[in-house]
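Structure file entry.cif; described as mmCIF, C-alpha atoms.
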```cif
data_model
#
loop_
_atom_site.group_PDB
_atom_site.id
_atom_site.type_symbol
_atom_site.label_atom_id
_atom_site.label_comp_id
_atom_site.auth_asym_id
_atom_site.auth_seq_id
_atom_site.Cartn_x
_atom_site.Cartn_y
_atom_site.Cartn_z
ATOM 1 C CA MET D 1 -12.722 -24.602 -1.237
ATOM 2 C CA LYS D 2 -14.170 -24.228 2.247
ATOM 3 C CA ARG D 3 -11.248 -22.668 4.130
ATOM 4 C CA ILE D 4 -8.695 -20.334 2.536
ATOM 5 C CA LEU D 5 -5.750 -18.378 3.945
ATOM 6 C CA ILE D 6 -3.947 -15.467 2.278
ATOM 7 C CA ILE D 7 -0.496 -14.564 3.613
ATOM 8 C CA GLN D 8 1.150 -11.152 3.185
ATOM 9 C CA THR D 9 3.372 -10.186 6.109
ATOM 10 C CA ALA D 10 5.258 -7.329 4.437
ATOM 11 C CA PHE D 11 4.332 -3.659 4.738
ATOM 12 C CA ILE D 12 1.083 -1.669 4.561
ATOM 13 C CA GLY D 13 1.252 -1.092 0.812
ATOM 14 C CA ASP D 14 1.895 -4.772 0.163
ATOM 15 C CA VAL D 15 -1.185 -5.749 2.147
ATOM 16 C CA ILE D 16 -3.329 -3.294 0.181
ATOM 17 C CA LEU D 17 -1.994 -4.667 -3.106
ATOM 18 C CA ALA D 18 -2.941 -8.176 -1.948
ATOM 19 C CA THR D 19 -6.597 -7.247 -1.330
ATOM 20 C CA PRO D 20 -7.614 -8.131 -4.926
ATOM 21 C CA LEU D 21 -6.899 -11.736 -3.915
ATOM 22 C CA ILE D 22 -9.678 -11.434 -1.336
ATOM 23 C CA GLU D 23 -12.087 -10.077 -3.930
ATOM 24 C CA LYS D 24 -11.344 -12.809 -6.457
ATOM 25 C CA LEU D 25 -11.452 -15.670 -3.975
ATOM 26 C CA ALA D 26 -14.747 -14.369 -2.570
ATOM 27 C CA ASP D 27 -16.170 -14.461 -6.090
ATOM 28 C CA LEU D 28 -14.810 -17.922 -6.808
ATOM 29 C CA TYR D 29 -15.928 -19.413 -3.487
ATOM 30 C CA PRO D 30 -18.891 -17.381 -2.130
ATOM 31 C CA ASN D 31 -19.489 -19.930 0.625
ATOM 32 C CA GLY D 32 -15.848 -20.285 1.585
ATOM 33 C CA LYS D 33 -14.244 -18.762 4.672
ATOM 34 C CA ILE D 34 -11.292 -16.535 3.812
ATOM 35 C CA ASP D 35 -8.681 -15.635 6.436
ATOM 36 C CA PHE D 36 -5.723 -13.248 6.116
ATOM 37 C CA LEU D 37 -2.337 -13.323 7.864
ATOM 38 C CA LEU D 38 -0.401 -10.050 8.158
ATOM 39 C CA ARG D 39 2.175 -8.351 10.359
ATOM 40 C CA LYS D 40 1.232 -6.282 13.402
ATOM 41 C CA GLY D 41 0.636 -2.679 12.401
ATOM 42 C CA SER D 42 -1.368 -3.476 9.277
ATOM 43 C CA GLU D 43 -4.374 -5.167 10.861
ATOM 44 C CA GLU D 44 -6.486 -2.003 10.940
ATOM 45 C CA LEU D 45 -6.601 -2.029 7.132
ATOM 46 C CA LEU D 46 -8.750 -5.149 7.164
ATOM 47 C CA SER D 47 -10.807 -4.536 10.293
ATOM 48 C CA ASP D 48 -14.453 -5.395 9.689
ATOM 49 C CA HIS D 49 -13.674 -6.432 6.109
ATOM 50 C CA PRO D 50 -16.984 -7.853 4.849
ATOM 51 C CA LYS D 51 -15.364 -10.683 2.894
ATOM 52 C CA LEU D 52 -12.952 -11.916 5.548
ATOM 53 C CA ASN D 53 -13.642 -14.451 8.260
ATOM 54 C CA LYS D 54 -10.563 -13.838 10.438
ATOM 55 C CA VAL D 55 -7.349 -11.804 10.430
ATOM 56 C CA PHE D 56 -4.235 -13.330 11.986
ATOM 57 C CA VAL D 57 -1.760 -10.774 13.325
ATOM 58 C CA TRP D 58 1.901 -11.706 13.684
ATOM 59 C CA ASP D 59 3.985 -9.426 15.898
ATOM 60 C CA LYS D 60 7.420 -9.466 14.261
ATOM 61 C CA ARG D 61 9.007 -6.892 16.545
ATOM 62 C CA LYS D 62 8.378 -8.414 19.957
ATOM 63 C CA ASN D 63 9.041 -12.109 20.637
ATOM 64 C CA LYS D 64 9.180 -12.671 16.874
ATOM 65 C CA TYR D 65 9.905 -16.393 16.849
ATOM 66 C CA PRO D 66 7.710 -17.487 19.781
ATOM 67 C CA ASN D 67 4.896 -15.554 18.081
ATOM 68 C CA LEU D 68 5.749 -17.239 14.787
ATOM 69 C CA LEU D 69 5.333 -20.649 16.426
ATOM 70 C CA LYS D 70 1.911 -19.612 17.763
ATOM 71 C CA ILE D 71 0.864 -18.480 14.303
ATOM 72 C CA ILE D 72 1.995 -21.758 12.734
ATOM 73 C CA LEU D 73 0.043 -23.782 15.287
ATOM 74 C CA SER D 74 -3.074 -21.646 14.762
ATOM 75 C CA VAL D 75 -2.809 -22.003 10.998
ATOM 76 C CA ARG D 76 -2.369 -25.784 11.170
ATOM 77 C CA LYS D 77 -5.396 -26.080 13.420
ATOM 78 C CA ASN D 78 -7.635 -24.553 10.733
ATOM 79 C CA GLU D 79 -6.863 -27.295 8.179
ATOM 80 C CA TYR D 80 -6.996 -25.005 5.150
ATOM 81 C CA ASP D 81 -7.973 -26.235 1.730
ATOM 82 C CA LEU D 82 -5.894 -23.468 0.140
ATOM 83 C CA VAL D 83 -3.043 -21.233 1.296
ATOM 84 C CA VAL D 84 -2.042 -18.380 -1.021
ATOM 85 C CA ASN D 85 1.300 -16.878 -0.030
ATOM 86 C CA ALA D 86 1.841 -13.473 -1.677
ATOM 87 C CA HIS D 87 4.996 -12.874 0.399
ATOM 88 C CA ARG D 88 8.321 -13.947 -1.075
ATOM 89 C CA PHE D 89 10.477 -14.477 1.983
ATOM 90 C CA THR D 90 11.451 -17.269 4.346
ATOM 91 C CA THR D 91 9.094 -17.047 7.323
ATOM 92 C CA SER D 92 5.919 -16.884 5.234
ATOM 93 C CA GLY D 93 7.157 -19.856 3.257
ATOM 94 C CA LEU D 94 7.738 -21.753 6.481
ATOM 95 C CA ILE D 95 4.188 -20.979 7.614
ATOM 96 C CA THR D 96 2.874 -22.193 4.260
ATOM 97 C CA TRP D 97 4.958 -25.378 4.349
ATOM 98 C CA LEU D 98 3.822 -26.259 7.875
ATOM 99 C CA SER D 99 0.186 -25.227 7.292
ATOM 100 C CA ASN D 100 -0.778 -28.747 6.222
ATOM 101 C CA ALA D 101 -3.010 -27.143 3.575
ATOM 102 C CA LYS D 102 -4.280 -29.322 0.745
ATOM 103 C CA MET D 103 -3.141 -26.774 -1.841
ATOM 104 C CA LYS D 104 -0.289 -24.296 -1.431
ATOM 105 C CA VAL D 105 0.355 -21.459 -3.891
ATOM 106 C CA GLY D 106 3.098 -18.830 -4.013
ATOM 107 C CA PHE D 107 6.052 -17.263 -5.805
ATOM 108 C CA ASP D 108 9.124 -19.196 -6.874
ATOM 109 C CA LYS D 109 11.489 -16.772 -5.081
ATOM 110 C CA ASN D 110 10.331 -18.043 -1.696
ATOM 111 C CA PRO D 111 12.896 -20.453 -0.186
ATOM 112 C CA PHE D 112 10.038 -22.848 0.649
ATOM 113 C CA SER D 113 8.521 -22.799 -2.832
ATOM 114 C CA PHE D 114 9.443 -26.483 -3.138
ATOM 115 C CA CYS D 115 6.319 -27.249 -1.095
ATOM 116 C CA TYR D 116 3.928 -25.349 -3.391
ATOM 117 C CA ASN D 117 1.446 -27.182 -5.570
ATOM 118 C CA HIS D 118 1.433 -24.159 -7.877
ATOM 119 C CA LYS D 119 4.206 -21.585 -8.045
ATOM 120 C CA LEU D 120 4.671 -18.524 -10.187
ATOM 121 C CA LYS D 121 7.818 -16.807 -11.372
ATOM 122 C CA HIS D 122 8.107 -13.390 -9.739
ATOM 123 C CA GLU D 123 9.604 -10.729 -12.020
ATOM 124 C CA ILE D 124 10.070 -7.048 -11.207
ATOM 125 C CA GLY D 125 10.875 -4.404 -13.803
ATOM 126 C CA ASN D 126 8.800 -5.618 -16.764
ATOM 127 C CA ASN D 127 5.899 -3.186 -16.211
ATOM 128 C CA THR D 128 3.667 -5.866 -14.661
ATOM 129 C CA HIS D 129 1.806 -4.365 -11.715
ATOM 130 C CA GLU D 130 2.096 -6.063 -8.333
ATOM 131 C CA VAL D 131 -1.695 -6.522 -8.299
ATOM 132 C CA ASP D 132 -1.466 -8.551 -11.505
ATOM 133 C CA ARG D 133 1.494 -10.518 -10.187
ATOM 134 C CA ASN D 134 -0.561 -11.459 -7.143
ATOM 135 C CA LEU D 135 -3.681 -12.319 -9.138
ATOM 136 C CA HIS D 136 -1.669 -14.578 -11.460
ATOM 137 C CA LEU D 137 -1.184 -16.817 -8.423
ATOM 138 C CA LEU D 138 -4.831 -17.784 -8.888
ATOM 139 C CA ASP D 139 -4.812 -18.257 -12.667
ATOM 140 C CA HIS D 140 -5.163 -22.025 -12.289
ATOM 141 C CA LEU D 141 -8.477 -21.507 -10.480
ATOM 142 C CA GLY D 142 -10.113 -19.717 -13.422
ATOM 143 C CA ARG D 143 -11.991 -16.461 -14.093
ATOM 144 C CA GLU D 144 -10.443 -13.546 -15.905
ATOM 145 C CA ASN D 145 -12.287 -10.694 -14.178
ATOM 146 C CA LYS D 146 -10.317 -7.567 -13.306
ATOM 147 C CA TYR D 147 -9.882 -6.972 -9.588
ATOM 148 C CA MET D 148 -8.571 -3.827 -7.941
ATOM 149 C CA PRO D 149 -7.237 -3.071 -4.447
ATOM 150 C CA LYS D 150 -10.129 -2.380 -2.122
ATOM 151 C CA LEU D 151 -10.422 -1.142 1.458
ATOM 152 C CA TYR D 152 -13.700 -0.767 3.315
ATOM 153 C CA PHE D 153 -14.009 2.239 5.614
ATOM 154 C CA SER D 154 -17.010 2.559 7.923
ATOM 155 C CA GLU D 155 -19.656 5.209 8.476
ATOM 156 C CA SER D 156 -17.862 6.190 11.681
ATOM 157 C CA ASP D 157 -14.658 6.702 9.676
ATOM 158 C CA GLN D 158 -16.582 9.017 7.348
ATOM 159 C CA ARG D 159 -18.134 10.909 10.261
ATOM 160 C CA ARG D 160 -14.665 11.495 11.714
ATOM 161 C CA VAL D 161 -13.559 12.982 8.391
ATOM 162 C CA ASP D 162 -16.658 15.168 8.207
ATOM 163 C CA ASP D 163 -15.808 16.518 11.665
ATOM 164 C CA VAL D 164 -12.287 17.634 10.747
ATOM 165 C CA VAL D 165 -12.711 19.128 7.274
ATOM 166 C CA GLN D 166 -15.539 20.817 5.419
ATOM 167 C CA GLY D 167 -15.799 22.177 1.918
ATOM 168 C CA LYS D 168 -13.404 21.477 -0.944
ATOM 169 C CA TYR D 169 -9.970 20.105 -0.104
ATOM 170 C CA VAL D 170 -6.949 18.200 -1.381
ATOM 171 C CA THR D 171 -4.679 15.849 0.553
ATOM 172 C CA LEU D 172 -0.881 15.711 0.646
ATOM 173 C CA ALA D 173 1.025 12.721 2.018
ATOM 174 C CA PRO D 174 4.563 14.151 1.885
ATOM 175 C CA ALA D 175 6.542 11.668 3.979
ATOM 176 C CA SER D 176 7.971 8.207 3.350
ATOM 177 C CA VAL D 177 9.889 5.665 5.395
ATOM 178 C CA TRP D 178 12.550 5.816 2.660
ATOM 179 C CA SER D 179 13.901 9.359 2.290
ATOM 180 C CA THR D 180 14.773 8.966 -1.384
ATOM 181 C CA LYS D 181 11.142 8.103 -2.138
ATOM 182 C CA GLN D 182 10.093 11.379 -0.581
ATOM 183 C CA LEU D 183 9.619 14.492 -2.719
ATOM 184 C CA PRO D 184 11.833 17.262 -1.248
ATOM 185 C CA LYS D 185 10.237 19.734 1.142
ATOM 186 C CA GLU D 186 10.720 22.648 -1.262
ATOM 187 C CA LYS D 187 8.779 20.776 -3.950
ATOM 188 C CA TRP D 188 5.889 20.084 -1.586
ATOM 189 C CA ILE D 189 5.760 23.800 -0.778
ATOM 190 C CA GLU D 190 5.615 24.461 -4.521
ATOM 191 C CA VAL D 191 2.706 22.003 -4.828
ATOM 192 C CA ILE D 192 0.777 23.739 -2.040
ATOM 193 C CA ASN D 193 1.394 27.179 -3.487
ATOM 194 C CA LYS D 194 -0.165 26.063 -6.776
ATOM 195 C CA ILE D 195 -3.402 24.911 -5.140
ATOM 196 C CA PRO D 196 -6.171 27.561 -5.440
ATOM 197 C CA ILE D 197 -6.362 29.435 -2.145
ATOM 198 C CA GLU D 198 -10.059 28.657 -1.603
ATOM 199 C CA ILE D 199 -9.267 24.916 -1.436
ATOM 200 C CA SER D 200 -8.111 23.525 1.906
ATOM 201 C CA VAL D 201 -4.945 21.427 2.110
ATOM 202 C CA CYS D 202 -4.980 18.392 4.413
ATOM 203 C CA MET D 203 -1.599 16.922 5.333
ATOM 204 C CA ILE D 204 -1.788 13.208 6.180
ATOM 205 C CA GLY D 205 0.594 10.543 7.418
ATOM 206 C CA GLY D 206 1.639 8.757 10.571
ATOM 207 C CA ALA D 207 2.577 10.264 13.923
ATOM 208 C CA ASN D 208 6.243 10.215 12.886
ATOM 209 C CA ASP D 209 5.388 12.513 9.962
ATOM 210 C CA LEU D 210 3.848 15.258 12.107
ATOM 211 C CA ILE D 211 6.979 17.427 12.362
ATOM 212 C CA PHE D 212 7.816 17.173 8.643
ATOM 213 C CA CYS D 213 4.253 18.175 7.741
ATOM 214 C CA GLU D 214 4.405 21.080 10.195
ATOM 215 C CA LYS D 215 7.644 22.350 8.643
ATOM 216 C CA ILE D 216 6.034 22.364 5.209
ATOM 217 C CA ILE D 217 2.975 24.224 6.466
ATOM 218 C CA SER D 218 5.095 26.775 8.349
ATOM 219 C CA GLU D 219 6.846 27.774 5.134
ATOM 220 C CA CYS D 220 3.624 28.268 3.185
ATOM 221 C CA ASP D 221 1.582 31.453 3.246
ATOM 222 C CA ARG D 222 -1.661 29.629 3.774
ATOM 223 C CA GLU D 223 -4.170 29.617 6.626
ATOM 224 C CA ASN D 224 -6.289 26.701 5.414
ATOM 225 C CA ALA D 225 -3.567 24.035 5.626
ATOM 226 C CA ILE D 226 -4.467 21.385 8.217
ATOM 227 C CA ASN D 227 -1.912 19.003 9.722
ATOM 228 C CA LEU D 228 -3.692 15.682 10.266
ATOM 229 C CA ALA D 229 -0.546 13.514 10.439
ATOM 230 C CA GLY D 230 -0.968 10.995 13.238
ATOM 231 C CA LYS D 231 -4.525 12.147 13.918
ATOM 232 C CA LEU D 232 -6.409 9.824 11.581
ATOM 233 C CA SER D 233 -6.500 6.055 11.379
ATOM 234 C CA MET D 234 -5.621 4.428 8.067
ATOM 235 C CA LEU D 235 -9.263 3.820 7.208
ATOM 236 C CA GLU D 236 -10.172 7.370 8.215
ATOM 237 C CA SER D 237 -7.398 8.506 5.880
ATOM 238 C CA ALA D 238 -8.960 6.362 3.151
ATOM 239 C CA ALA D 239 -12.301 8.097 3.721
ATOM 240 C CA LEU D 240 -10.590 11.504 3.638
ATOM 241 C CA MET D 241 -8.806 10.688 0.393
ATOM 242 C CA LYS D 242 -12.001 9.370 -1.172
ATOM 243 C CA GLY D 243 -13.675 12.759 -0.755
ATOM 244 C CA SER D 244 -10.676 14.795 -1.884
ATOM 245 C CA LEU D 245 -10.486 16.771 -5.126
ATOM 246 C CA MET D 246 -6.955 15.410 -5.573
ATOM 247 C CA ASN D 247 -4.449 13.375 -3.570
ATOM 248 C CA PHE D 248 -0.727 14.105 -3.859
ATOM 249 C CA VAL D 249 1.470 11.201 -2.777
ATOM 250 C CA ASN D 250 4.914 9.644 -3.010
ATOM 251 C CA ASP D 251 5.579 6.076 -4.108
ATOM 252 C CA SER D 252 4.426 4.857 -0.698
ATOM 253 C CA ALA D 253 1.465 3.488 1.268
ATOM 254 C CA PRO D 254 -0.872 6.511 0.831
ATOM 255 C CA MET D 255 -0.668 6.014 -2.935
ATOM 256 C CA HIS D 256 -2.016 2.486 -2.504
ATOM 257 C CA ILE D 257 -4.702 3.699 -0.093
ATOM 258 C CA ALA D 258 -5.789 6.121 -2.825
ATOM 259 C CA SER D 259 -5.924 3.240 -5.313
ATOM 260 C CA SER D 260 -8.042 1.199 -2.893
ATOM 261 C CA VAL D 261 -10.801 3.821 -2.921
ATOM 262 C CA ASN D 262 -10.296 4.825 -6.582
ATOM 263 C CA THR D 263 -9.777 8.516 -5.910
ATOM 264 C CA PRO D 264 -7.892 11.098 -8.063
ATOM 265 C CA THR D 265 -4.159 10.666 -7.513
ATOM 266 C CA ARG D 266 -0.940 12.421 -8.489
ATOM 267 C CA ALA D 267 2.110 10.375 -7.551
ATOM 268 C CA PHE D 268 5.716 11.571 -7.356
ATOM 269 C CA PHE D 269 8.355 8.958 -8.150
ATOM 270 C CA CYS D 270 11.852 9.967 -7.072
ATOM 271 C CA SER D 271 14.402 7.170 -6.647
ATOM 272 C CA THR D 272 12.039 4.368 -7.685
ATOM 273 C CA ILE D 273 10.373 3.839 -11.046
ATOM 274 C CA PRO D 274 6.837 2.866 -12.106
ATOM 275 C CA GLU D 275 8.222 -0.058 -14.114
ATOM 276 C CA PHE D 276 8.718 -1.917 -10.835
ATOM 277 C CA GLY D 277 4.943 -2.385 -10.811
ATOM 278 C CA PHE D 278 3.808 -0.371 -7.810
ATOM 279 C CA GLY D 279 2.230 2.661 -9.489
ATOM 280 C CA PRO D 280 -1.177 4.254 -8.811
ATOM 281 C CA LEU D 281 -4.260 2.408 -10.065
ATOM 282 C CA ALA D 282 -7.028 4.980 -9.610
ATOM 283 C CA ALA D 283 -8.922 5.743 -12.812
ATOM 284 C CA ASP D 284 -7.806 9.374 -12.567
ATOM 285 C CA SER D 285 -4.116 9.088 -11.804
ATOM 286 C CA ALA D 286 -0.839 10.462 -13.115
ATOM 287 C CA ILE D 287 2.845 10.056 -12.315
ATOM 288 C CA PHE D 288 5.396 12.867 -12.050
ATOM 289 C CA GLN D 289 9.075 11.979 -12.292
ATOM 290 C CA VAL D 290 12.348 13.460 -13.467
ATOM 291 C CA GLU D 291 12.444 13.804 -17.245
ATOM 292 C CA GLU D 292 16.215 13.452 -17.574
ATOM 293 C CA LYS D 293 17.547 9.914 -17.625
ATOM 294 C CA LEU D 294 19.761 9.509 -14.572
ATOM 295 C CA SER D 295 22.363 6.742 -14.491
ATOM 296 C CA CYS D 296 21.803 6.317 -10.748
ATOM 297 C CA ARG D 297 18.020 5.889 -10.997
ATOM 298 C CA PRO D 298 16.580 3.628 -9.742
ATOM 299 C CA CYS D 299 18.952 3.131 -6.832
ATOM 300 C CA GLY D 300 16.962 0.180 -5.472
ATOM 301 C CA LEU D 301 13.558 -1.414 -5.265
ATOM 302 C CA HIS D 302 12.661 0.486 -2.088
ATOM 303 C CA GLY D 303 14.917 3.495 -2.438
ATOM 304 C CA LYS D 304 17.560 4.446 0.144
ATOM 305 C CA ARG D 305 17.732 6.299 3.446
ATOM 306 C CA THR D 306 19.875 8.953 1.749
ATOM 307 C CA CYS D 307 20.903 9.635 -1.840
ATOM 308 C CA PRO D 308 23.985 7.464 -2.615
ATOM 309 C CA GLU D 309 25.252 10.175 -5.010
ATOM 310 C CA GLY D 310 24.644 13.036 -2.609
ATOM 311 C CA HIS D 311 22.644 15.195 -5.032
ATOM 312 C CA PHE D 312 19.130 13.664 -5.027
ATOM 313 C CA ASN D 313 18.482 14.926 -8.552
ATOM 314 C CA CYS D 314 15.681 12.387 -9.004
ATOM 315 C CA GLY D 315 13.702 14.457 -6.502
ATOM 316 C CA HIS D 316 14.975 17.994 -6.973
ATOM 317 C CA GLN D 317 14.606 17.924 -10.756
ATOM 318 C CA ILE D 318 10.940 16.889 -10.844
ATOM 319 C CA GLU D 319 8.928 19.687 -12.418
ATOM 320 C CA ILE D 320 5.666 20.595 -10.716
ATOM 321 C CA PRO D 321 2.975 21.371 -13.337
ATOM 322 C CA LYS D 322 1.160 24.697 -13.163
ATOM 323 C CA ASP D 323 -2.268 23.088 -13.254
ATOM 324 C CA LEU D 324 -2.396 20.362 -10.607
ATOM 325 C CA LEU D 325 -6.160 19.872 -10.533
#
```

Write the structure described by the file as structure tokens, please.
Amino acid sequence: MKRILIIQTAFIGDVILATPLIEKLADLYPNGKIDFLLRKGSEELLSDHPKLNKVFVWDKRKNKYPNLLKIILSVRKNEYDLVVNAHRFTTSGLITWLSNAKMKVGFDKNPFSFCYNHKLKHEIGNNTHEVDRNLHLLDHLGRENKYMPKLYFSESDQRRVDDVVQGKYVTLAPASVWSTKQLPKEKWIEVINKIPIEISVCMIGGANDLIFCEKIISECDRENAINLAGKLSMLESAALMKGSLMNFVNDSAPMHIASSVNTPTRAFFCSTIPEFGFGPLAADSAIFQVEEKLSCRPCGLHGKRTCPEGHFNCGHQIEIPKDLL
């Protein structure tokens, strides 16, 4: 295979969980050129990736369909030997179908799976991790090596981290796009209060998470809590998490960033469940979730904007251990 394209145009976490495909294909075809197609907003994750030739960025929010046509034309022009589509929905299938690639691979749930040379049944809820689901797309190409998510941050990313925090620290990523995936504010305060006072607490997230992080900090009696939400790039956040004593996350993108740099992780699962296959993969990782079986949990693959039952017991009833480190 001389030219290969991987497609994953979903969200940040999905792109990270598709990076093992890059690692495996680079091993299988060391002289091949591997490209990656993702949605605008995720491209920074793969900037300067040593095993990628090119990253295609599709802007879905502005001029979505004219931009889609440009992407299709660019993809066709490259005459790929192999297109691996890790995305399950219509537009990525259309890109794959019209790619004119010699071999097309993807999941059977995609409406354009009829055009695939190899397709795999996609099942959620059977404890298979999304990384393994993705890697199974390449089973027909051989090799049984284990591949993990992997991001590559730069020396400048590390220097930025060294400038903002010194000494021992932990990170907290308290926010989520989906509110029912987000551990309640009171629980995050409880987490912070159980961290030894000599250890700094770094709050991370996007610019939209700044106010939520500030509210948490304001209700803690702690001077060494630093609000870095919106102040670090994603790869700078990866570097920060790599050097942390522990990283406390929801079932969201920061959890997958932690997996990509194999750093100690404690993940809180509220409305979603690990059996969906999106849990932490770091060697030192643990999951905290409600012990009581709730008839309303899970309430969906991605959670909800608000608790459908109005009580949010899947978050409020999670017990925070005394010893978090």

Requested in this report: Using all atoms listed in the file, determine which residues lie at most 7 Å from Cys270 of chain D, disregarding the query and same-chain residues fewer than 4 positions distant; provide the list as a ChimeraX atom specification.
Outcome: /D:180-183,289,314-315

How would the residues just chosen look if you wrote them out with C-alpha atoms as a compact mmCIF listing (two decimals), in the coordinates of the input?
```
# COMPACT_ATOMS: atom_id res chain seq x y z
CA THR D 180 14.77 8.97 -1.38
CA LYS D 181 11.14 8.10 -2.14
CA GLN D 182 10.09 11.38 -0.58
CA LEU D 183 9.62 14.49 -2.72
CA GLN D 289 9.07 11.98 -12.29
CA CYS D 314 15.68 12.39 -9.00
CA GLY D 315 13.70 14.46 -6.50
```

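Once Val177 of chain D and its same-chain neighbours fewer than 6 positions away are set aside, Asn208, Asp209, Ser252, Ala253, His302, Gly303, Lys304 and Arg305 of chain D remain within 10 Å of it when counting only C-alpha atoms.
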
Query raised in the report: At most 9 Å from (-5.3, 27.4, 0.6), file frame, all atoms listed in the file: which residues, as a ChimeraX atom specification?
Result: /D:169,192-193,195-201,221-225

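One finds atom CA of Tyr147 of chain D at 28.3 Å from atom CA of Ser271 of chain D.
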
**Report entry** Evaluate the PyMOL selection byres ((chain D and resi 57-61) around 9) and report residues as a list in words
**Finding:** Thr9, Phe36, Leu37, Leu38, Arg39, Lys40, Gly41, Ser42, Glu43, Val55, Phe56, Lys62, Asn63, Lys64, Tyr65, Asn67, Leu68, Lys70 and Ile71 of chain D

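Minimum distance to Thr263 of chain D across D:Pro149, D:Gly310, D:Pro321, D:Gly300 (counting all atoms listed in the file) occurs at D:Pro149.
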
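Restricting the calculation to all atoms listed in the file, the smallest distance between Thr90 of chain D and any of D:Leu52, D:Leu17, D:Ala10, D:Leu294 is found for D:Ala10.
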
Query - Selection result of the PyMOL selection byres ((chain D and resi 316) around 9) on this file, as number ranges by chain - result: D: 183-184, 186-187, 270, 290, 311-315, 317-319

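Listed by chain and then by number, the residues chosen by the PyMOL selection byres ((chain D and resi 242) around 8) in this file are Ala238, Ala239, Leu240, Met241, Gly243, Ser244, Ala258, Val261, Asn262 and Thr263 of chain D.
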
Query raised in the report: Excluding same-chain residues fewer than 2 positions from Lys24 of chain D, what lies within 9 Å of it counting only C-alpha atoms, as a list in words?
Result: Thr19, Pro20, Leu21, Ile22, Ala26, Asp27, Leu28, Tyr29, Leu135, Leu138, Arg143, Asn145, Lys146 and Tyr147 of chain D

Requested in this report: Excluding Gly206 of chain D and residues on its chain fewer than 4 positions from it, collect all residues at most 12 Å away from it, counting all atoms listed in the file, and give them as a list in words.
Outcome: Gly41, Ala173, Pro174, Ala175, Ser176, Val177, Leu210, Ile211, Phe212, Cys213, Asn227, Leu228, Ala229, Gly230, Lys231, Leu232, Ser233, Met234, Ser237, Ala253 and Pro254 of chain D

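Of note, atom CA of Ser259 of chain D and atom CA of Ser285 of chain D are spaced 8.9 Å apart.
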
**Report entry** Contacts of Ile34 of chain D at 10 Å (only C-alpha atoms; same-chain gap of 5+ positions) as a PyMOL selection string
**Finding:** chain D and resi 1-6+22+25-26+29+51-55+80+82-83

Which residues of segment 46-92 of chain D sit at most 12 Å from segment 126-134 of chain D, using only C-alpha atoms? Give each one's shortest atom pair and distance in Å (one decimal place), in chain and ascending residue order, as a tab-separated table.
```
residue	atom	partner	partner_atom	distance
D:Val84	CA	D:Asn134	CA	9.4
D:Asn85	CA	D:Asn134	CA	9.1
D:Ala86	CA	D:Asn134	CA	6.3
D:His87	CA	D:Asn134	CA	9.5
D:Arg88	CA	D:Asn134	CA	11.0
```
